[in-house]
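Asks: Quick one, target.cif (mmCIF, C-alpha atoms):
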```cif
data_query
#
loop_
_atom_site.label_atom_id
_atom_site.label_comp_id
_atom_site.auth_asym_id
_atom_site.auth_seq_id
_atom_site.Cartn_x
_atom_site.Cartn_y
_atom_site.Cartn_z
CA MET A 26 0.00 0.00 0.00
CA ASP A 27 1.69 3.23 -1.01
CA THR A 28 1.28 6.49 0.79
CA GLN A 29 -1.31 7.88 -1.62
CA ASP A 30 -3.46 4.78 -1.07
CA LEU A 31 -3.22 5.30 2.65
CA ILE A 32 -4.20 8.95 2.32
CA ARG A 33 -7.26 7.89 0.33
CA ALA A 34 -8.32 5.48 3.08
CA MET A 35 -7.83 8.10 5.81
CA THR A 36 -9.72 10.69 3.80
CA ALA A 37 -12.70 8.36 3.57
CA ASP A 38 -12.51 8.01 7.35
CA THR A 39 -12.81 11.78 7.97
CA GLY A 40 -16.34 11.50 9.29
CA ARG A 41 -15.44 9.48 12.36
CA ARG A 42 -14.65 11.81 15.17
CA ALA A 43 -13.04 10.90 18.47
CA LEU A 44 -14.17 12.21 21.85
CA PRO A 45 -12.63 15.69 22.35
CA LEU A 46 -9.91 15.69 24.99
CA GLY A 47 -11.70 18.39 27.00
CA THR A 48 -14.72 16.13 27.39
CA ALA A 49 -12.50 13.15 28.16
CA TRP A 50 -10.85 15.11 30.99
CA ARG A 51 -14.17 16.20 32.47
CA VAL A 52 -15.46 12.63 32.49
CA ALA A 53 -12.16 11.34 33.87
CA MET A 54 -11.98 13.88 36.69
CA GLY A 55 -15.57 13.15 37.71
CA LEU A 56 -14.98 9.41 37.63
CA ALA A 57 -11.68 9.68 39.52
CA LEU A 58 -13.30 11.78 42.28
CA VAL A 59 -16.21 9.36 42.63
CA LEU A 60 -13.94 6.30 42.75
CA ALA A 61 -11.46 7.85 45.18
CA GLY A 62 -14.34 9.12 47.31
CA ALA A 63 -15.99 5.69 47.35
CA VAL A 64 -12.82 3.89 48.47
CA PHE A 65 -12.25 6.58 51.10
CA ALA A 66 -15.82 6.44 52.42
CA VAL A 67 -15.96 2.64 52.55
CA ALA A 68 -12.48 2.01 53.96
CA LEU A 69 -11.87 5.01 56.24
CA GLY A 70 -14.30 7.93 56.39
CA PRO A 71 -13.40 11.33 57.87
CA ARG A 72 -12.13 11.54 61.43
CA PRO A 73 -14.80 12.50 64.02
CA ASP A 74 -13.46 16.00 64.59
CA ALA A 75 -12.83 16.77 60.89
CA LEU A 76 -15.23 19.70 60.68
CA ALA A 77 -14.07 21.29 63.91
CA SER A 78 -10.45 20.82 62.82
CA LEU A 79 -11.03 23.09 59.83
CA GLU A 80 -10.18 25.89 62.23
CA THR A 81 -6.69 24.59 62.88
CA ALA A 82 -4.02 25.71 60.43
CA ARG A 83 -2.14 22.41 60.36
CA PHE A 84 -5.22 20.44 59.35
CA VAL A 85 -6.14 22.87 56.56
CA PHE A 86 -2.53 22.99 55.38
CA LYS A 87 -2.67 19.30 54.45
CA PHE A 88 -5.39 20.10 51.92
CA VAL A 89 -3.57 23.16 50.62
CA VAL A 90 -0.45 21.12 49.85
CA THR A 91 -2.14 18.08 48.34
CA LEU A 92 -4.58 20.14 46.27
CA ALA A 93 -1.77 22.41 45.02
CA LEU A 94 0.06 19.31 43.86
CA ALA A 95 -3.06 17.90 42.18
CA ALA A 96 -3.88 21.19 40.45
CA SER A 97 -0.37 21.75 39.08
CA ALA A 98 -0.16 18.11 37.94
CA PHE A 99 -3.51 18.45 36.19
CA VAL A 100 -2.45 21.57 34.28
CA LEU A 101 0.78 19.87 33.17
CA LEU A 102 -0.91 16.58 32.30
CA ARG A 103 -3.41 18.29 30.02
CA ARG A 104 -0.49 19.60 27.99
CA LEU A 105 1.46 16.35 28.02
CA VAL A 106 -1.27 14.53 26.10
CA ARG A 107 -1.08 16.99 23.19
CA PRO A 108 2.02 16.70 20.98
CA GLY A 109 4.02 19.88 20.51
CA GLU A 110 2.62 21.72 23.54
CA GLU A 111 4.99 23.81 25.61
CA THR A 112 5.51 22.06 28.95
CA ARG A 113 8.52 23.78 30.51
CA ALA A 114 6.57 26.41 32.49
CA PRO A 115 3.93 23.99 33.85
CA LEU A 116 6.75 21.63 34.84
CA GLY A 117 7.93 24.44 37.11
CA TRP A 118 4.47 24.90 38.62
CA LEU A 119 4.75 21.32 39.82
CA LEU A 120 7.10 22.69 42.49
CA ALA A 121 4.25 24.68 44.11
CA GLY A 122 3.14 21.81 46.38
CA PRO A 123 6.65 20.76 47.48
CA LEU A 124 7.70 24.40 48.11
CA LEU A 125 4.61 25.03 50.22
CA LEU A 126 5.39 21.88 52.15
CA ILE A 127 9.00 22.94 52.75
CA ALA A 128 7.76 26.29 54.04
CA GLY A 129 5.31 24.48 56.33
CA VAL A 130 8.06 22.23 57.65
CA GLY A 131 10.21 25.31 58.33
CA LEU A 132 7.42 26.95 60.33
CA GLU A 133 6.76 23.72 62.22
CA LEU A 134 10.42 23.44 63.19
CA LEU A 135 10.27 26.98 64.54
CA ALA A 136 7.00 26.48 66.39
CA VAL A 137 7.71 23.12 68.01
CA PRO A 138 10.54 22.30 70.45
CA GLU A 139 13.25 20.04 69.08
CA SER A 140 12.37 17.27 71.51
CA ASP A 141 8.97 16.87 69.81
CA TRP A 142 10.23 16.72 66.19
CA ALA A 143 10.80 12.97 66.03
CA GLN A 144 7.45 12.15 67.59
CA ARG A 145 5.60 14.49 65.20
CA LEU A 146 7.42 13.05 62.21
CA VAL A 147 6.65 9.45 63.12
CA GLY A 148 3.04 10.28 64.01
CA VAL A 149 0.53 7.68 65.12
CA ASN A 150 -0.36 5.85 61.92
CA ALA A 151 2.26 6.11 59.21
CA ARG A 152 1.46 2.62 58.02
CA VAL A 153 -2.20 3.46 57.42
CA CYS A 154 -1.07 6.50 55.43
CA LEU A 155 1.32 4.45 53.28
CA THR A 156 -1.43 1.88 52.66
CA PHE A 157 -4.43 4.04 51.98
CA ILE A 158 -3.07 6.89 49.88
CA PRO A 159 -1.96 4.40 47.18
CA LEU A 160 -5.19 2.46 47.64
CA ILE A 161 -7.40 5.54 47.20
CA GLY A 162 -5.23 6.77 44.31
CA ALA A 163 -5.06 3.50 42.36
CA ALA A 164 -8.40 3.82 40.56
CA PRO A 165 -7.88 7.51 39.65
CA LEU A 166 -4.42 6.61 38.29
CA LEU A 167 -5.95 3.99 36.00
CA VAL A 168 -8.60 6.47 34.86
CA PHE A 169 -5.91 9.04 34.00
CA LEU A 170 -3.85 6.41 32.17
CA ALA A 171 -6.95 5.75 30.06
CA VAL A 172 -7.01 9.45 29.11
CA LEU A 173 -3.32 9.23 28.19
CA ARG A 174 -4.21 6.36 25.86
CA HIS A 175 -6.89 8.49 24.28
CA GLY A 176 -4.43 11.34 23.84
CA ALA A 177 -0.98 11.26 22.32
CA PRO A 178 1.75 11.73 24.94
CA THR A 179 5.17 11.98 23.29
CA ARG A 180 6.81 11.42 26.70
CA PRO A 181 4.76 8.52 28.09
CA ALA A 182 6.89 7.85 31.18
CA LEU A 183 6.80 11.50 32.26
CA ALA A 184 3.07 11.69 31.55
CA GLY A 185 2.56 8.53 33.60
CA ALA A 186 4.53 9.96 36.52
CA VAL A 187 2.51 13.19 36.43
CA ALA A 188 -0.70 11.13 36.28
CA GLY A 189 0.57 9.43 39.45
CA LEU A 190 1.15 12.81 41.10
CA LEU A 191 -2.36 13.91 40.18
CA ALA A 192 -3.87 10.69 41.54
CA GLY A 193 -1.62 10.97 44.60
CA GLY A 194 -2.52 14.59 45.31
CA MET A 195 -6.18 13.71 45.04
CA ALA A 196 -5.84 10.64 47.24
CA GLY A 197 -3.75 12.63 49.74
CA ALA A 198 -6.49 15.24 50.04
CA PHE A 199 -9.10 12.56 50.78
CA TYR A 200 -6.82 10.78 53.19
CA ALA A 201 -6.01 14.04 54.99
CA ALA A 202 -9.63 14.18 56.21
CA HIS A 203 -9.12 10.88 58.03
CA CYS A 204 -5.49 11.15 59.09
CA PRO A 205 -5.02 12.14 62.78
CA ASP A 206 -1.50 13.43 62.12
CA ASP A 207 -1.51 17.08 61.10
CA SER A 208 2.14 18.03 61.47
CA PRO A 209 3.86 19.16 58.24
CA LEU A 210 6.73 16.92 59.35
CA PHE A 211 4.43 13.91 59.06
CA VAL A 212 2.99 15.08 55.73
CA ALA A 213 6.44 15.76 54.26
CA THR A 214 7.61 12.28 55.15
CA TRP A 215 4.74 9.85 54.71
CA TYR A 216 2.40 11.59 52.26
CA SER A 217 5.40 12.27 50.01
CA LEU A 218 6.47 8.65 50.12
CA ALA A 219 2.98 7.38 49.36
CA ILE A 220 2.45 9.86 46.51
CA ALA A 221 5.90 9.12 45.08
CA GLY A 222 4.88 5.47 44.97
CA LEU A 223 1.91 6.33 42.75
CA ALA A 224 4.16 8.47 40.53
CA VAL A 225 6.58 5.58 40.07
CA ALA A 226 3.69 3.23 39.30
CA GLY A 227 2.44 5.68 36.67
CA ALA A 228 5.89 6.07 35.12
CA VAL A 229 6.28 2.30 34.89
CA LEU A 230 2.77 1.55 33.63
CA ALA A 231 2.27 4.35 31.11
CA PRO A 232 4.92 3.33 28.53
CA ARG A 233 3.40 -0.18 28.55
CA LEU A 234 -0.25 0.77 28.47
CA VAL A 235 -0.08 3.92 26.36
CA ARG A 236 0.96 2.74 22.89
CA TRP A 237 -0.07 4.92 20.02
CA MET B 2 7.45 30.90 4.04
CA ASN B 3 7.00 28.84 7.20
CA GLY B 4 4.34 31.28 8.27
CA ARG B 5 2.39 30.76 5.09
CA ASN B 6 2.80 27.02 5.26
CA GLU B 7 1.60 27.07 8.84
CA GLY B 8 -1.44 29.20 8.13
CA GLU B 9 -2.51 27.21 5.07
CA LEU B 10 -2.04 23.86 6.80
CA ALA B 11 -4.00 25.03 9.83
CA ASP B 12 -6.84 26.17 7.55
CA LEU B 13 -6.83 22.84 5.72
CA LEU B 14 -6.89 20.85 8.96
CA ARG B 15 -9.67 22.99 10.42
CA ALA B 16 -11.74 22.39 7.29
CA ALA B 17 -10.92 18.68 7.51
CA LEU B 18 -12.06 18.49 11.12
CA ALA B 19 -15.32 20.06 10.00
CA GLY B 20 -15.73 17.18 7.54
CA ASP B 21 -14.19 18.46 4.30
CA GLU B 22 -12.67 15.33 2.71
CA ARG B 23 -11.03 17.08 -0.22
CA ARG B 24 -9.13 19.50 1.97
CA TYR B 25 -8.20 16.69 4.33
CA ALA B 26 -6.56 14.87 1.41
CA MET B 27 -4.67 18.07 0.56
CA PHE B 28 -3.56 18.45 4.15
CA LEU B 29 -2.34 14.87 4.42
CA ASP B 30 -0.56 15.13 1.08
CA ARG B 31 1.35 18.23 2.11
CA VAL B 32 2.15 16.85 5.54
CA ALA B 33 3.43 13.67 3.88
CA GLY B 34 5.87 15.80 1.87
CA LEU B 35 7.15 17.57 4.97
CA VAL B 36 7.46 14.43 7.05
CA ARG B 37 9.20 12.62 4.18
CA ALA B 38 11.85 15.36 4.00
CA TYR B 39 12.19 15.27 7.76
CA ALA B 40 12.54 11.47 7.93
CA ARG B 41 15.01 11.30 5.04
CA GLY B 42 17.11 13.97 6.68
CA LYS B 43 17.25 12.02 9.92
CA ILE B 44 17.74 8.52 8.54
CA THR B 45 21.40 8.52 7.62
CA HIS B 46 21.94 4.79 7.34
CA GLY B 47 19.83 1.73 6.56
CA GLY B 48 17.51 -0.20 8.80
CA VAL B 49 14.61 2.24 8.86
CA ASP B 50 12.56 2.95 5.73
CA ALA B 51 11.63 6.61 5.46
CA GLU B 52 8.34 5.88 3.70
CA ASP B 53 7.32 3.50 6.49
CA VAL B 54 7.87 6.33 8.94
CA VAL B 55 5.84 8.69 6.74
CA GLN B 56 2.92 6.25 6.73
CA GLU B 57 3.17 5.64 10.44
CA VAL B 58 3.19 9.38 11.15
CA LEU B 59 0.21 9.98 8.86
CA LEU B 60 -1.76 7.25 10.58
CA ALA B 61 -0.91 8.67 13.99
CA ILE B 62 -1.94 12.14 12.83
CA HIS B 63 -5.18 10.73 11.51
CA LEU B 64 -6.08 8.71 14.59
CA LYS B 65 -4.94 11.43 17.02
CA ARG B 66 -6.21 14.50 15.18
CA HIS B 67 -8.45 15.29 18.16
CA THR B 68 -5.27 16.14 20.12
CA TRP B 69 -4.74 19.23 17.97
CA LEU B 70 -6.35 22.41 19.31
CA PRO B 71 -7.89 24.31 16.38
CA GLN B 72 -6.33 27.59 17.56
CA ALA B 73 -2.87 26.08 18.12
CA PRO B 74 -0.10 26.08 15.49
CA VAL B 75 -0.15 22.91 13.43
CA LEU B 76 3.50 22.42 12.43
CA PRO B 77 4.88 21.96 15.97
CA TRP B 78 2.13 19.39 16.49
CA VAL B 79 3.00 17.55 13.26
CA TYR B 80 6.74 17.55 13.96
CA ALA B 81 6.30 16.45 17.56
CA ILE B 82 4.39 13.41 16.28
CA ALA B 83 6.95 12.81 13.51
CA ARG B 84 9.85 12.98 15.96
CA PHE B 85 8.11 10.62 18.39
CA LYS B 86 7.41 8.08 15.64
CA LEU B 87 10.90 8.33 14.15
CA ILE B 88 12.55 7.73 17.53
CA ASP B 89 10.16 4.81 18.02
CA ALA B 90 11.14 3.36 14.64
CA PHE B 91 14.84 3.64 15.47
CA ARG B 92 14.27 2.09 18.86
CA ARG B 93 12.50 -0.88 17.33
CA ARG B 94 15.60 -1.42 15.18
CA GLY B 95 17.58 -1.51 18.38
CA ARG B 96 19.22 1.86 18.06
CA ARG B 97 19.14 4.69 20.51
CA VAL B 98 18.82 8.12 19.05
CA GLU B 99 18.42 11.62 20.23
CA ILE B 100 16.74 14.08 17.92
CA ASP B 101 16.80 17.72 18.82
CA VAL B 102 13.47 19.45 18.62
CA GLU B 103 15.26 22.45 17.13
CA ASP B 104 16.49 20.27 14.26
CA ILE B 105 13.14 20.40 12.56
CA ALA B 106 13.63 23.99 11.50
CA GLU B 107 15.98 23.04 8.68
CA THR B 108 13.45 20.78 7.04
CA PHE B 109 10.55 23.20 7.20
CA ALA B 110 8.99 24.03 3.86
CA GLN B 111 10.98 21.66 1.67
CA PRO B 112 8.51 18.90 0.90
CA GLU B 113 9.72 15.84 -0.98
CA VAL B 114 7.81 13.46 -3.23
CA GLU B 115 7.52 9.75 -2.67
CA THR B 116 9.96 7.72 -4.71
CA VAL B 117 8.68 4.53 -6.28
CA SER B 118 9.86 1.60 -4.24
CA ALA B 119 9.18 -2.07 -4.31
CA ARG B 120 6.82 -1.67 -1.40
CA ASP B 121 4.81 -4.78 -0.71
CA ILE B 122 1.29 -3.52 -1.22
CA GLY B 123 -0.25 -6.29 0.82
CA ARG B 124 2.02 -6.05 3.82
CA ALA B 125 0.16 -3.44 5.82
CA LEU B 126 -3.12 -5.19 5.07
CA ASP B 127 -1.94 -8.71 5.93
CA GLY B 128 -2.80 -8.69 9.59
CA LEU B 129 -6.34 -7.43 9.17
CA ALA B 130 -9.54 -9.40 9.60
CA PRO B 131 -10.94 -10.43 6.19
CA THR B 132 -13.75 -7.86 6.05
CA GLN B 133 -11.51 -5.03 7.18
CA ARG B 134 -8.87 -6.03 4.64
CA SER B 135 -11.32 -6.10 1.73
CA VAL B 136 -12.83 -2.77 2.69
CA VAL B 137 -9.50 -0.99 3.27
CA ALA B 138 -8.06 -2.42 0.04
CA ALA B 139 -11.11 -1.42 -1.99
CA ILE B 140 -11.01 2.16 -0.75
CA SER B 141 -7.25 2.69 -0.65
CA VAL B 142 -5.60 0.57 -3.35
CA GLU B 143 -8.56 0.40 -5.74
CA GLY B 144 -9.66 3.93 -4.96
CA ARG B 145 -13.36 3.13 -4.59
CA SER B 146 -15.82 5.29 -2.69
CA VAL B 147 -17.57 4.18 0.49
CA GLU B 148 -20.85 3.86 -1.46
CA GLU B 149 -19.30 1.66 -4.15
CA THR B 150 -17.55 -0.48 -1.57
CA ALA B 151 -20.81 -0.98 0.31
CA ARG B 152 -22.50 -2.13 -2.89
CA ILE B 153 -19.71 -4.53 -3.86
CA PHE B 154 -19.61 -6.30 -0.52
CA ALA B 155 -23.38 -6.04 0.14
CA MET B 156 -22.76 -4.07 3.34
CA THR B 157 -24.34 -0.92 4.68
CA GLU B 158 -22.32 2.26 4.33
CA ALA B 159 -22.16 2.54 8.11
CA ALA B 160 -20.66 -0.96 8.32
CA VAL B 161 -18.11 -0.05 5.64
CA ARG B 162 -17.09 3.03 7.63
CA VAL B 163 -16.73 1.03 10.82
CA ALA B 164 -14.61 -1.62 9.06
CA LEU B 165 -12.46 1.09 7.47
CA HIS B 166 -11.86 2.82 10.78
CA ARG B 167 -11.08 -0.41 12.60
CA GLY B 168 -8.79 -1.44 9.76
CA LEU B 169 -6.81 1.77 9.97
CA THR B 170 -6.55 1.46 13.75
CA ALA B 171 -5.31 -2.12 13.39
CA ILE B 172 -2.69 -1.09 10.81
CA ALA B 173 -1.45 1.64 13.16
CA ARG B 174 -1.16 -0.88 15.97
CA ARG B 175 0.76 -3.32 13.73
CA PHE B 176 3.21 -0.63 12.75
CA GLY B 177 4.15 -0.24 16.38
CA ARG B 178 5.02 -3.90 16.79
CA GLU B 179 7.04 -4.72 13.68
#
```
Can the structure from this file be put into structure tokens for me?
Replies:
Amino acid sequence: MDTQDLIRAMTADTGRRALPLGTAWRVAMGLALVLAGAVFAVALGPRPDALASLETARFVFKFVVTLALAASAFVLLRRLVRPGEETRAPLGWLLAGPLLLIAGVGLELLAVPESDWAQRLVGVNARVCLTFIPLIGAAPLLVFLAVLRHGAPTRPALAGAVAGLLAGGMAGAFYAAHCPDDSPLFVATWYSLAIAGLAVAGAVLAPRLVRW
Amino acid sequence: MNGRNEGELADLLRAALAGDERRYAMFLDRVAGLVRAYARGKITHGGVDAEDVVQEVLLAIHLKRHTWLPQAPVLPWVYAIARFKLIDAFRRRGRRVEIDVEDIAETFAQPEVETVSARDIGRALDGLAPTQRSVVAAISVEGRSVEETARIFAMTEAAVRVALHRGLTAIARRFGRE
């Protein structure tokens, strides 16, 4: 089949239109939120004092950090599925969450006596955090990988990693409502580890699942 | 010159996305010329056939045309796909390559025509299911219309279109595995 033949076949196929990426993202985000929310509600649920805790800065800060990460990852990911899009600036925005967290850790170190640092870092349920953030984020990660398949990422491993960060930021925000540990020291250690796990999973899975 | 090329190609692709088959053929033809020049410039020794890369890029462009934003420039999109597919082709031949994004500038606006090669016409069609193969061959190689093809195989036009689309998707998938 020479190239002109192929062009003829593709021309005849003009009428078939794929789902626009904007619509795909809206569906995916809705689905990811529902799935993450369902796993969270069934397995954990919010802690009893969640509403009252909204007045404490440390509790709210957990949402600020995880949602900043999710938002910056989402902006970047939308560009990564379109070939030829400029991604350098949004790659920089990805630092927003980590920088906020570093600032929070700095303030915590100033506010809390040194003798309490270790206990705040270890917290009371690090293992639950390391288990449930990946568990809540797993379904959203798969949903986002499906969007990558629908798109055309020219850097699949990077796109997969960013999909993991998005899923991880989302899962972290849900988990934060349950988690009794509010210290930025705890968040910087265990949330980061759990979210990094999802990013690695995305980077490993995407090049295998996203063939185009 | 690049500016004109860019503007005209964007117009053609916008028309194509709105359903204009004739302009879509023009778009694909011009893109084929650009990608051919690009691929030939990058393939310095054997192992990878430039025309294979051209076809693979065209198929990717066709199946992923929803990833182009109608207000975005079209050439960076085309070359990003071409570069991705070329690197993929090299990789499948077991070679690691780095291609600078900036490199594409030199090949802008110098389209090249396909040279006649002993391309095996059936090869791309071989892996297809029988119906898909007959439909794709009738429309591409024999140059028949969807209506004619439907009549010949006693199918509905909708079924012909589905078989054509699935056939093209299957060819694109095969390309990636060879």
Asks: Could you tell me which residues of chain A sit within 9 Å of chain B when counting only C-alpha atoms, and give me the result as a ChimeraX atom specification?
Replies: /A:26-46,106-110,175-177,179-180,236-237
Asks: Which distance in Å separates atom CA of Phe154 of chain B and atom CA of Thr132 of chain B, to one decimal?
Replies: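 Taking atom CA of Phe154 of chain B and atom CA of Thr132 of chain B, their separation equals 8.9 Å.
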Asks: Name the residues that the PyMOL selection byres ((chain A and resi 211) around 7) pulls out of this structure, and write them as a list in words.
Replies: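 Selection result, ordered by chain and number: Arg145, Leu146, Val147, Gly148, Asp206, Ser208, Pro209, Leu210, Val212, Ala213, Thr214 and Trp215 of chain A.
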Asks: Could you list the residues chosen by the PyMOL selection byres ((chain A and resi 193-202) around 9) in this structure as a ChimeraX atom specification?
Replies: /A:57-58,61-62,65,69-72,75,84-85,87-96,98,154,157-163,165-166,188-192,203-207,216-217,219-224
Asks: Would you mind reading off the distance between atom CA of Pro115 of chain A and atom CA of Asp12 of chain B, one decimal, in Å?
Replies: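 Atom-to-atom, atom CA of Pro115 of chain A and atom CA of Asp12 of chain B are spaced 28.5 Å apart.
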Asks: If you measure from atom CA of Leu218 of chain A to atom CA of Leu155 of chain A, what distance in Å do you get, rounded to one decimal?
Replies: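 Between these atoms lies a distance of 7.4 Å.
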